[in-house]
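Colleague: Structure supplied as final_31.txt; contents: compact mmCIF, C-alpha atoms.
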# COMPACT_ATOMS: atom_id res chain seq x y z
CA MET A 1412 45.96 36.11 12.19
CA ASN A 1413 45.93 39.89 11.83
CA TRP A 1414 43.64 42.26 13.67
CA PRO A 1415 41.11 42.88 10.83
CA GLN A 1416 40.70 39.10 10.47
CA ARG A 1417 40.17 38.72 14.19
CA PHE A 1418 37.72 41.61 14.19
CA VAL A 1419 35.61 40.06 11.41
CA LEU A 1420 35.69 36.66 13.13
CA LEU A 1421 34.66 38.30 16.41
CA LEU A 1422 31.66 39.92 14.69
CA MET A 1423 30.74 36.56 13.10
CA GLY A 1424 30.95 34.68 16.38
CA LEU A 1425 28.95 37.28 18.27
CA GLY A 1426 26.48 37.44 15.39
CA VAL A 1427 25.85 33.68 15.38
CA LEU A 1428 25.53 33.54 19.15
CA GLY A 1429 23.39 36.67 19.36
CA LEU A 1430 21.04 35.61 16.58
CA THR A 1431 20.64 32.12 18.04
CA LEU A 1432 19.94 33.38 21.53
CA GLU A 1433 17.54 36.03 20.23
CA LEU A 1434 15.61 33.40 18.23
CA ILE A 1435 15.37 31.23 21.32
CA ARG A 1436 14.24 34.23 23.38
CA ARG A 1437 11.48 34.98 20.87
CA ARG A 1438 10.48 31.30 20.96
CA ARG A 1439 11.13 30.92 17.26
CA LEU A 1440 13.86 28.33 17.81
CA ARG A 1441 13.71 25.50 20.32
CA GLU A 1442 16.76 25.03 22.53
CA GLU A 1443 17.22 21.42 21.51
CA TYR A 1444 17.77 22.45 17.90
CA ALA A 1445 20.04 25.36 18.81
CA VAL A 1446 22.80 23.41 20.54
CA LEU A 1447 24.93 23.07 17.41
CA TRP A 1448 24.56 26.74 16.53
CA VAL A 1449 25.57 27.84 20.01
CA CYS A 1450 28.59 25.51 19.80
CA THR A 1451 29.51 27.04 16.45
CA GLY A 1452 29.39 30.57 17.86
CA ILE A 1453 31.46 29.60 20.91
CA MET A 1454 34.07 27.85 18.73
CA ILE A 1455 34.49 30.99 16.60
CA LEU A 1456 34.93 33.13 19.71
CA VAL A 1457 37.50 30.69 21.10
CA PHE A 1458 39.51 31.07 17.88
CA VAL A 1459 39.28 34.85 18.11
CA VAL A 1460 40.56 34.93 21.70
CA MET A 1461 43.16 32.17 21.27
CA PRO A 1462 44.08 31.90 17.58
CA ASN A 1463 47.13 29.85 18.54
CA ILE A 1464 44.86 26.84 19.12
CA LEU A 1465 43.87 27.01 15.47
CA PHE A 1466 47.49 27.31 14.34
CA SER A 1467 48.76 24.42 16.41
CA VAL A 1468 45.92 22.12 15.32
CA ALA A 1469 46.63 23.11 11.71
CA ALA A 1470 50.31 22.37 12.25
CA TRP A 1471 49.51 18.90 13.66
CA PHE A 1472 47.68 18.01 10.47
CA SER A 1473 50.24 19.87 8.30
CA LEU A 1474 47.48 22.10 6.92
CA ASP A 1475 47.21 25.80 6.34
CA HIS A 1476 44.95 27.30 8.98
CA SER A 1477 42.53 28.63 6.33
CA VAL A 1478 42.12 25.10 4.93
CA LEU A 1479 41.52 23.81 8.43
CA MET A 1480 38.86 26.48 8.96
CA THR A 1481 37.13 25.50 5.72
CA LEU A 1482 37.15 21.82 6.68
CA ALA A 1483 35.82 22.66 10.12
CA CYS A 1484 32.98 24.64 8.52
CA PHE A 1485 32.08 21.66 6.34
CA ALA A 1486 32.13 19.36 9.35
CA PHE A 1487 29.80 21.68 11.26
CA LEU A 1488 27.38 21.99 8.35
CA ALA A 1489 27.39 18.23 7.84
CA ALA A 1490 26.64 17.72 11.54
CA ILE A 1491 23.77 20.21 11.38
CA VAL A 1492 22.27 18.57 8.28
CA LEU A 1493 22.52 15.13 9.88
CA HIS A 1494 20.85 16.51 12.98
CA TYR A 1495 18.03 17.85 10.81
CA SER A 1496 17.58 14.47 9.13
CA VAL A 1497 17.14 12.89 12.54
CA VAL A 1498 14.66 15.58 13.56
CA ILE A 1499 12.70 15.17 10.31
CA SER A 1500 12.53 11.40 10.76
CA ARG A 1501 11.21 11.83 14.27
CA HIS A 1502 8.64 14.33 13.09
CA SER A 1503 7.36 12.19 10.23
CA GLU A 1504 6.95 9.29 12.67
CA ARG A 1505 4.97 11.56 15.01
CA GLU A 1506 2.91 12.95 12.17
CA LYS A 1507 2.01 9.42 11.07
CA HIS A 1508 1.06 8.49 14.62
CA LEU A 1509 -1.14 11.59 14.97
CA THR A 1510 -2.85 10.97 11.63
CA GLN A 1511 -3.68 7.41 12.63
CA GLU A 1512 -4.87 8.50 16.04
CA LEU A 1513 -7.11 11.09 14.39
CA ALA A 1514 -8.76 8.48 12.15
CA LEU A 1515 -9.26 6.12 15.09
CA LEU A 1516 -10.71 8.87 17.28
CA ARG A 1517 -13.05 10.05 14.54
CA ASP A 1518 -14.31 6.49 14.27
CA GLU A 1519 -14.85 6.33 18.02
CA LEU A 1520 -16.68 9.66 17.90
CA GLU A 1521 -19.04 8.34 15.22
CA LYS A 1522 -19.66 5.27 17.37
CA LEU A 1523 -20.48 7.43 20.42
CA ARG A 1524 -22.74 9.68 18.35
CA ALA A 1525 -24.64 6.69 17.00
CA GLU A 1526 -24.98 5.30 20.54
CA SER A 1527 -26.28 8.57 21.96
CA ARG A 1528 -28.86 8.80 19.18
CA SER A 1529 -30.22 5.32 19.89
CA PRO A 1530 -29.14 4.09 23.33
CA PRO A 1531 -28.58 0.31 23.33
CA PRO A 1532 -30.95 -1.76 25.53
CA ALA A 1533 -28.20 -2.87 27.91
CA PRO A 1534 -25.37 -0.37 28.32
CA ALA A 1535 -22.22 -2.13 27.24
CA GLU A 1536 -19.44 -2.55 29.76
CA PRO A 1537 -17.00 0.29 29.08
CA LYS A 1538 -13.99 -1.41 27.58
CA PRO A 1539 -10.71 -0.13 28.98
CA ARG A 1540 -8.57 1.33 26.24
CA PRO A 1541 -5.25 -0.50 25.97
CA PRO A 1542 -2.25 1.54 27.09
CA ALA A 1543 -0.97 4.03 24.54
CA LEU A 1544 1.68 2.67 22.25
CA ARG A 1545 5.14 4.09 22.36
CA THR A 1546 6.41 5.48 19.11
CA MET B 38 -21.43 -41.88 4.32
CA GLU B 39 -20.61 -38.67 2.54
CA VAL B 40 -17.05 -38.30 1.43
CA LEU B 41 -15.84 -34.74 1.44
CA ARG B 42 -13.77 -33.69 -1.48
CA ALA B 43 -10.47 -32.09 -0.60
CA ASP B 44 -11.70 -28.89 -2.20
CA SER B 45 -14.78 -28.53 -0.07
CA VAL B 46 -12.77 -29.28 3.06
CA ARG B 47 -10.43 -26.45 2.19
CA ARG B 48 -13.33 -24.11 1.58
CA ALA B 49 -15.06 -24.82 4.87
CA PRO B 50 -14.99 -21.75 7.13
CA PRO B 51 -12.23 -21.89 9.73
CA ASP B 52 -13.16 -22.82 13.28
CA LEU B 53 -12.64 -19.52 15.09
CA ALA B 54 -13.70 -20.87 18.50
CA GLY B 55 -14.89 -17.46 19.65
CA ARG B 56 -11.93 -15.57 18.33
CA ARG B 57 -12.52 -12.42 16.33
CA ALA B 58 -10.98 -11.73 12.94
CA LEU B 59 -10.49 -8.47 11.06
CA VAL B 60 -9.62 -7.99 7.40
CA VAL B 61 -7.72 -4.76 6.80
CA VAL B 62 -8.10 -3.38 3.28
CA PRO B 63 -5.81 -0.39 2.63
CA ALA B 64 -7.30 1.67 -0.20
CA TYR B 65 -6.02 4.71 -2.02
CA ASN B 66 -8.23 5.81 -4.93
CA GLU B 67 -9.63 2.33 -5.51
CA ALA B 68 -13.22 3.43 -6.23
CA GLU B 69 -13.40 1.14 -9.25
CA ALA B 70 -12.66 -2.07 -7.38
CA ILE B 71 -13.36 -1.42 -3.71
CA ALA B 72 -17.09 -2.19 -3.64
CA ARG B 73 -16.64 -5.56 -5.30
CA THR B 74 -13.70 -6.38 -3.03
CA VAL B 75 -15.76 -5.61 0.07
CA ARG B 76 -18.78 -7.58 -1.17
CA ASP B 77 -16.52 -10.54 -2.01
CA LEU B 78 -15.07 -10.47 1.47
CA ARG B 79 -18.47 -10.30 3.15
CA ARG B 80 -19.80 -13.16 1.06
CA GLN B 81 -16.74 -15.43 1.02
CA ALA B 82 -15.35 -14.71 4.47
CA PRO B 83 -18.37 -13.79 6.61
CA TRP B 84 -16.47 -14.89 9.72
CA ALA B 85 -14.29 -11.76 9.57
CA ASP B 86 -15.08 -8.07 9.97
CA VAL B 87 -13.99 -5.85 7.09
CA LEU B 88 -12.12 -2.61 7.75
CA VAL B 89 -11.23 -0.38 4.81
CA VAL B 90 -8.51 2.13 5.64
CA ASN B 91 -9.07 5.01 3.25
CA ASP B 92 -5.60 6.48 2.80
CA GLY B 93 -6.71 10.01 1.93
CA SER B 94 -8.43 9.03 -1.32
CA THR B 95 -9.64 11.84 -3.56
CA ASP B 96 -12.26 9.71 -5.35
CA GLU B 97 -15.37 7.91 -4.09
CA THR B 98 -13.49 5.08 -2.39
CA PRO B 99 -14.83 5.68 1.16
CA GLU B 100 -18.47 6.16 0.07
CA ARG B 101 -18.48 3.02 -2.08
CA ALA B 102 -16.76 0.99 0.63
CA ARG B 103 -19.34 2.08 3.21
CA ALA B 104 -22.19 1.41 0.80
CA ALA B 105 -20.83 -2.10 0.28
CA GLY B 106 -20.99 -2.67 4.03
CA ALA B 107 -17.42 -2.15 5.20
CA LYS B 108 -16.31 -0.24 8.24
CA VAL B 109 -14.17 2.64 6.98
CA LEU B 110 -11.42 4.61 8.70
CA ASP B 111 -10.56 7.86 6.94
CA LEU B 112 -6.96 9.05 7.20
CA PRO B 113 -7.06 12.84 6.83
CA VAL B 114 -3.80 12.84 4.85
CA ASN B 115 -2.18 10.22 2.63
CA LEU B 116 0.27 8.15 4.69
CA GLY B 117 1.29 5.58 2.10
CA ILE B 118 0.65 1.85 2.22
CA GLY B 119 2.66 1.20 5.39
CA GLY B 120 0.92 3.89 7.42
CA ALA B 121 -2.51 2.79 6.17
CA VAL B 122 -1.97 -0.87 6.98
CA GLN B 123 -0.59 0.02 10.40
CA THR B 124 -3.76 2.02 11.11
CA GLY B 125 -5.66 -1.23 10.59
CA TYR B 126 -3.37 -3.08 13.00
CA ARG B 127 -3.82 -0.34 15.58
CA TYR B 128 -7.61 -0.63 15.15
CA ALA B 129 -7.34 -4.40 15.60
CA HIS B 130 -5.19 -3.89 18.70
CA GLU B 131 -7.51 -1.33 20.30
CA ASN B 132 -10.64 -3.36 19.56
CA GLY B 133 -9.27 -6.64 20.84
CA TYR B 134 -9.16 -8.67 17.63
CA ASP B 135 -7.35 -12.02 17.74
CA LEU B 136 -6.60 -12.31 14.04
CA ALA B 137 -5.88 -9.61 11.48
CA PHE B 138 -5.49 -10.04 7.74
CA GLN B 139 -4.21 -7.76 5.02
CA PHE B 140 -6.11 -7.74 1.77
CA ASP B 141 -5.56 -5.50 -1.24
CA GLY B 142 -8.40 -3.25 -2.30
CA ASP B 143 -7.74 -3.70 -6.02
CA GLY B 144 -9.26 -7.16 -6.24
CA GLN B 145 -6.17 -9.25 -6.88
CA HIS B 146 -6.56 -11.29 -3.71
CA ARG B 147 -9.22 -13.96 -3.36
CA ALA B 148 -11.50 -13.65 -0.35
CA ARG B 149 -12.18 -17.39 -0.41
CA ARG B 150 -8.48 -18.04 0.33
CA LEU B 151 -8.54 -16.13 3.62
CA ALA B 152 -9.45 -19.35 5.38
CA ASP B 153 -6.15 -20.86 4.20
CA LEU B 154 -4.32 -18.05 5.96
CA ALA B 155 -6.43 -18.37 9.10
CA ARG B 156 -5.91 -22.09 9.64
CA PRO B 157 -2.19 -22.11 10.60
CA LEU B 158 -2.84 -19.14 12.89
CA LEU B 159 -5.79 -20.82 14.60
CA ALA B 160 -3.84 -24.05 15.00
CA ALA B 161 -1.04 -21.98 16.60
CA GLU B 162 1.38 -23.32 13.98
CA ALA B 163 2.42 -19.85 12.88
CA ASP B 164 2.22 -16.22 13.97
CA LEU B 165 2.40 -14.66 10.51
CA VAL B 166 1.07 -16.42 7.43
CA VAL B 167 1.81 -15.13 3.94
CA GLY B 168 -0.19 -16.15 0.88
CA SER B 169 2.44 -16.95 -1.74
CA ARG B 170 1.92 -16.93 -5.51
CA PHE B 171 4.99 -19.06 -6.03
CA LEU B 172 4.56 -22.06 -3.76
CA ARG B 173 2.58 -23.79 -6.49
CA PRO B 174 3.39 -23.47 -10.17
CA ARG B 175 0.72 -21.82 -12.35
CA GLY B 176 -0.05 -19.38 -9.58
CA ALA B 177 2.18 -16.53 -10.74
CA THR B 178 0.66 -13.91 -13.00
CA SER B 179 3.47 -11.37 -12.98
CA SER B 180 5.85 -10.23 -15.69
CA VAL B 181 9.23 -11.95 -16.08
CA GLY B 182 11.12 -8.93 -14.76
CA ARG B 183 8.96 -8.65 -11.69
CA ILE B 184 9.27 -12.36 -10.93
CA ALA B 185 13.07 -12.06 -11.18
CA GLY B 186 12.99 -9.11 -8.78
CA ILE B 187 10.80 -10.98 -6.35
CA ARG B 188 13.22 -13.96 -6.50
CA VAL B 189 16.13 -11.73 -5.47
CA LEU B 190 14.11 -10.24 -2.61
CA ALA B 191 12.94 -13.72 -1.60
CA ALA B 192 16.57 -14.88 -1.45
CA ALA B 193 17.52 -11.88 0.69
CA VAL B 194 14.61 -12.27 3.11
CA SER B 195 15.16 -16.04 3.31
CA ALA B 196 18.86 -15.49 4.07
CA VAL B 197 18.15 -12.92 6.77
CA THR B 198 15.33 -14.87 8.44
CA GLY B 199 16.67 -18.37 7.85
CA ARG B 200 13.28 -19.50 6.57
CA ARG B 201 12.26 -20.26 3.03
CA ILE B 202 10.24 -17.31 1.77
CA THR B 203 9.07 -17.42 -1.85
CA ASP B 204 6.82 -14.35 -2.10
CA PRO B 205 8.08 -11.59 0.22
CA THR B 206 6.14 -8.85 -1.60
CA SER B 207 2.78 -10.51 -1.12
CA GLY B 208 0.31 -8.23 0.67
CA PHE B 209 -2.00 -11.17 1.31
CA ARG B 210 -1.21 -12.17 4.87
CA GLY B 211 -2.54 -12.72 8.34
CA VAL B 212 -1.24 -12.44 11.89
CA GLY B 213 -2.32 -13.49 15.36
CA ARG B 214 -2.29 -11.43 18.53
CA CYS B 215 1.47 -10.96 18.86
CA GLY B 216 1.67 -9.89 15.22
CA ILE B 217 -1.14 -7.38 15.76
CA GLU B 218 0.63 -5.97 18.78
CA LEU B 219 4.01 -5.78 17.05
CA PHE B 220 2.69 -4.16 13.87
CA ALA B 221 0.52 -1.73 15.86
CA GLN B 222 3.75 -0.43 17.37
CA VAL B 223 6.18 -0.62 14.48
CA TYR B 224 5.52 -1.07 10.81
CA PRO B 225 7.75 -0.08 7.89
CA GLN B 226 6.65 2.79 5.71
CA ASP B 227 7.26 2.76 1.98
CA TYR B 228 7.30 -0.79 0.57
CA PRO B 229 6.59 -2.58 3.81
CA GLU B 230 5.89 -6.19 2.87
CA PRO B 231 9.43 -7.69 2.66
CA GLU B 232 10.72 -5.56 5.52
CA SER B 233 7.88 -6.51 7.83
CA LEU B 234 8.77 -10.21 7.43
CA VAL B 235 12.26 -9.51 8.78
CA LEU B 236 10.75 -7.34 11.52
CA ALA B 237 8.38 -10.14 12.53
CA HIS B 238 11.12 -12.76 12.48
CA LYS B 239 13.36 -10.59 14.68
CA HIS B 240 10.62 -10.36 17.28
CA GLY B 241 10.25 -14.11 17.48
CA LEU B 242 7.18 -14.52 15.28
CA ARG B 243 6.99 -17.74 13.29
CA VAL B 244 6.57 -16.85 9.61
CA THR B 245 4.94 -19.40 7.29
CA GLU B 246 3.76 -19.33 3.70
CA VAL B 247 0.72 -21.00 2.22
CA PRO B 248 -0.01 -21.24 -1.51
CA ALA B 249 -2.40 -18.57 -2.77
CA ALA B 250 -3.28 -17.95 -6.39
CA MET B 251 -4.04 -14.34 -7.22
CA ARG B 252 -6.03 -12.62 -9.93
CA ARG B 253 -4.90 -9.93 -12.25
CA ARG B 254 -5.73 -6.45 -11.04
CA ARG B 255 -9.25 -5.17 -11.61
CA GLY B 256 -8.63 -1.45 -11.59
CA GLY B 257 -6.20 1.21 -10.49
CA VAL B 258 -2.48 0.95 -11.00
CA SER B 259 0.07 -1.19 -9.17
CA SER B 260 1.91 0.55 -6.38
CA ILE B 261 5.13 -0.58 -8.10
CA PRO B 262 5.23 0.54 -11.74
CA PHE B 263 7.68 -1.51 -13.75
CA TRP B 264 10.08 1.33 -14.53
CA VAL B 265 10.78 2.00 -10.87
CA GLY B 266 11.46 -1.69 -10.37
CA VAL B 267 15.22 -1.33 -10.12
CA HIS B 268 15.00 1.57 -7.69
CA TYR B 269 12.43 -0.37 -5.71
CA MET B 270 14.67 -3.44 -5.56
CA ALA B 271 17.66 -1.47 -4.31
CA LYS B 272 15.59 0.36 -1.72
CA VAL B 273 13.86 -2.72 -0.40
CA LEU B 274 17.06 -4.77 -0.32
CA LEU B 275 18.71 -2.03 1.71
CA ALA B 276 15.65 -1.76 3.95
CA VAL B 277 15.60 -5.54 4.52
CA LEU B 278 19.28 -5.58 5.47
CA MET B 279 18.91 -2.49 7.69
CA GLU B 280 15.88 -4.01 9.37
CA ALA B 281 18.00 -7.01 10.28
CA LEU B 282 20.49 -4.69 12.00
CA LYS B 283 17.96 -2.53 13.87
CA ALA B 284 17.44 -3.03 17.57
CA PRO B 285 14.23 -4.91 18.36
CA VAL B 286 11.33 -3.03 19.94
CA ARG B 287 10.34 -3.95 23.47
CA LEU B 288 6.78 -5.19 23.28
CA GLU B 289 4.30 -4.28 25.97
CA GLY B 290 1.28 -6.29 26.97
CA GLU B 291 0.39 -9.87 27.68
CA VAL B 292 1.39 -11.36 24.35
CA ALA B 293 4.92 -9.96 24.47
CA ARG B 294 7.59 -12.59 24.46
Give the structure from this file in structure tokens form.
Modeller:
Amino acid sequence: MNWPQRFVLLLMGLGVLGLTLELIRRRRLREEYAVLWVCTGIMILVFVVMPNILFSVAAWFSLDHSVLMTLACFAFLAAIVLHYSVVISRHSEREKHLTQELALLRDELEKLRAESRSPPPAPAEPKPRPPALRT
Amino acid sequence: MEVLRADSVRRAPPDLAGRRALVVVPAYNEAEAIARTVRDLRRQAPWADVLVVNDGSTDETPERARAAGAKVLDLPVNLGIGGAVQTGYRYAHENGYDLAFQFDGDGQHRARRLADLARPLLAAEADLVVGSRFLRPRGATSSVGRIAGIRVLAAAVSAVTGRRITDPTSGFRGVGRCGIELFAQVYPQDYPEPESLVLAHKHGLRVTEVPAAMRRRRGGVSSIPFWVGVHYMAKVLLAVLMEALKAPVRLEGEVAR
């Protein structure tokens, strides 16, 4: 790897790390979603400092180091997309739960409003709400 | 001595023995049929409370359901059939119901037949009872293609659960307390009927079918248009098989087993 290549890679690695950390600092990115990006930045920096790692791994697999880099990029992107799918699934489950809870609470509110307008003759025993369901 | 005809015996209201029953009617833009469905239920199955879950309808579904005397829960956004039905199960769970039934808002289910679903539950012979169109000949009113699709799904669900299931897509069903608790916690989303049978079986619920003739739809459109049938089949088959592989949920509460 020549010096211009290493210089560009260094900028890329620092850029990814810097941008990720800055987004976290500004609270626009939550840490739990930033792990993979931080790993990506660190990996790039490792290759800049010790490019021989890249060359020996490429040699193991009998690949050119540029091909190995490309494959590694694909693997990282695939991991990030998979991670997003998991996050989206979790969020849609939460969104569903919140929507249902909202409908149930609105119903309870209507019930309470109706009760306060015309108090029942004997106040009903307050029924304990069953424990919240895990989702 | 008066001899009761078999028919009138079947139509006698079930002996609830103090237990409370809820009929959950998921409804998305069913304004045309919902009022008649609710009135049918209140007349033919007065032993059960009626809960319409309005799944973010944009027409007069909630107003007409309320006017017909149903309790209505309004979901602020459309969740799809699975999310709507589960809202009903959560309502049943929070309000201490012992039996919960699912009943389509479009009028294809017969309110009079609810008692047939209730009986095996009340006799503790089953935990989930499905009204099947195919247990008796003459009952089916579907197209040839749809019946073929249902057969394939039935074979898959029967294989996975080890029980003979003839109508896995039927939305006419009832559960007891453990079913209410299970479905309040987990319920499949998109085309939930076949998947939920596997889910129930995995959690130790006894699944049974009873014959139930159904009417043709009164209004609205089926949630499964014919041209998406193949896609539907593939998706549901995959979902049924995946459901069989998923880890069971740990149930909380006194009916967990």
Colleague: Quick one, how far is CA of Gly168 (chain B) from CA of Ala237 (chain B)?
Modeller: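 A separation of 15.7 Å between them.
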Colleague: Compute the set of chain B residues within 9 Å of chain A, using all atoms listed in the file, and express it as number ranges by chain.
Modeller: B: 109-114, 116, 120-121, 123-124, 127-128, 130-133, 221-223, 289-290
Colleague: Leaving out Gly211 (chain B) and any residue of its chain fewer than 6 positions from it, which residues lie within 6 Å of it when counting all atoms listed in the file, given as a compact mmCIF listing (two decimals) with C-alpha atoms, keeping the file's coordinate frame?
Modeller:
# COMPACT_ATOMS: atom_id res chain seq x y z
CA ALA B 137 -5.88 -9.61 11.48
CA PHE B 138 -5.49 -10.04 7.74
CA LEU B 165 2.40 -14.66 10.51
CA VAL B 166 1.07 -16.42 7.43
Colleague: Residues proximal to (-12.0, -16.3, 18.7) were defined as those with any atom within 9 Å of that point in the file's coordinates, counting all atoms listed in the file. Which are they, as a count of residues only?
Modeller: 11
Colleague: So, counting all atoms listed in the file, which residue among B:Leu59, B:Val286, B:Val89, B:Ile187 is closest to His240 (chain B)?
Modeller: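 Smallest separation from His240 (chain B) among the options: B:Val286.
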Colleague: Which value, in Å to one decimal, gives the distance between CA of Arg287 (chain B) and CA of Leu190 (chain B)?
Modeller: 27.1 Å
Colleague: Determine, counting only C-alpha atoms, which protein, DNA and RNA residues have an atom within 10 Å of an atom of Val244 (chain B); residues of the same chain fewer than 5 positions away are not included. Present the result as a list of chain:residue names.
Modeller: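 Contacts, in chain order: B:Glu162, B:Ala163, B:Asp164, B:Leu165, B:Val166, B:Val167, B:Thr198, B:Arg200, B:Arg201, B:Ile202, B:Val212, B:Leu234, B:Val235, B:Ala237, B:His238.
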Colleague: Using only C-alpha atoms, which residues sit within 8 Å of Arg76 (chain B) once same-chain residues fewer than 4 positions away are excluded, as a list of chain:residue names?
Modeller: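 Here the answer would be B:Ala72, B:Arg80, B:Ala105, B:Gly106.
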Colleague: In Å, how far is it from CA of Arg214 (chain B) to CA of Arg1501 (chain A)?
Modeller: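 The value is 27.2 Å.
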Colleague: Near Val1446 (chain A), counting only C-alpha atoms, which residues have an atom at most 10 Å away, once you skip same-chain residues fewer than 5 positions from it, shown as a VMD selection string?
Modeller: chain A and resid 1431 1441 1451 1491
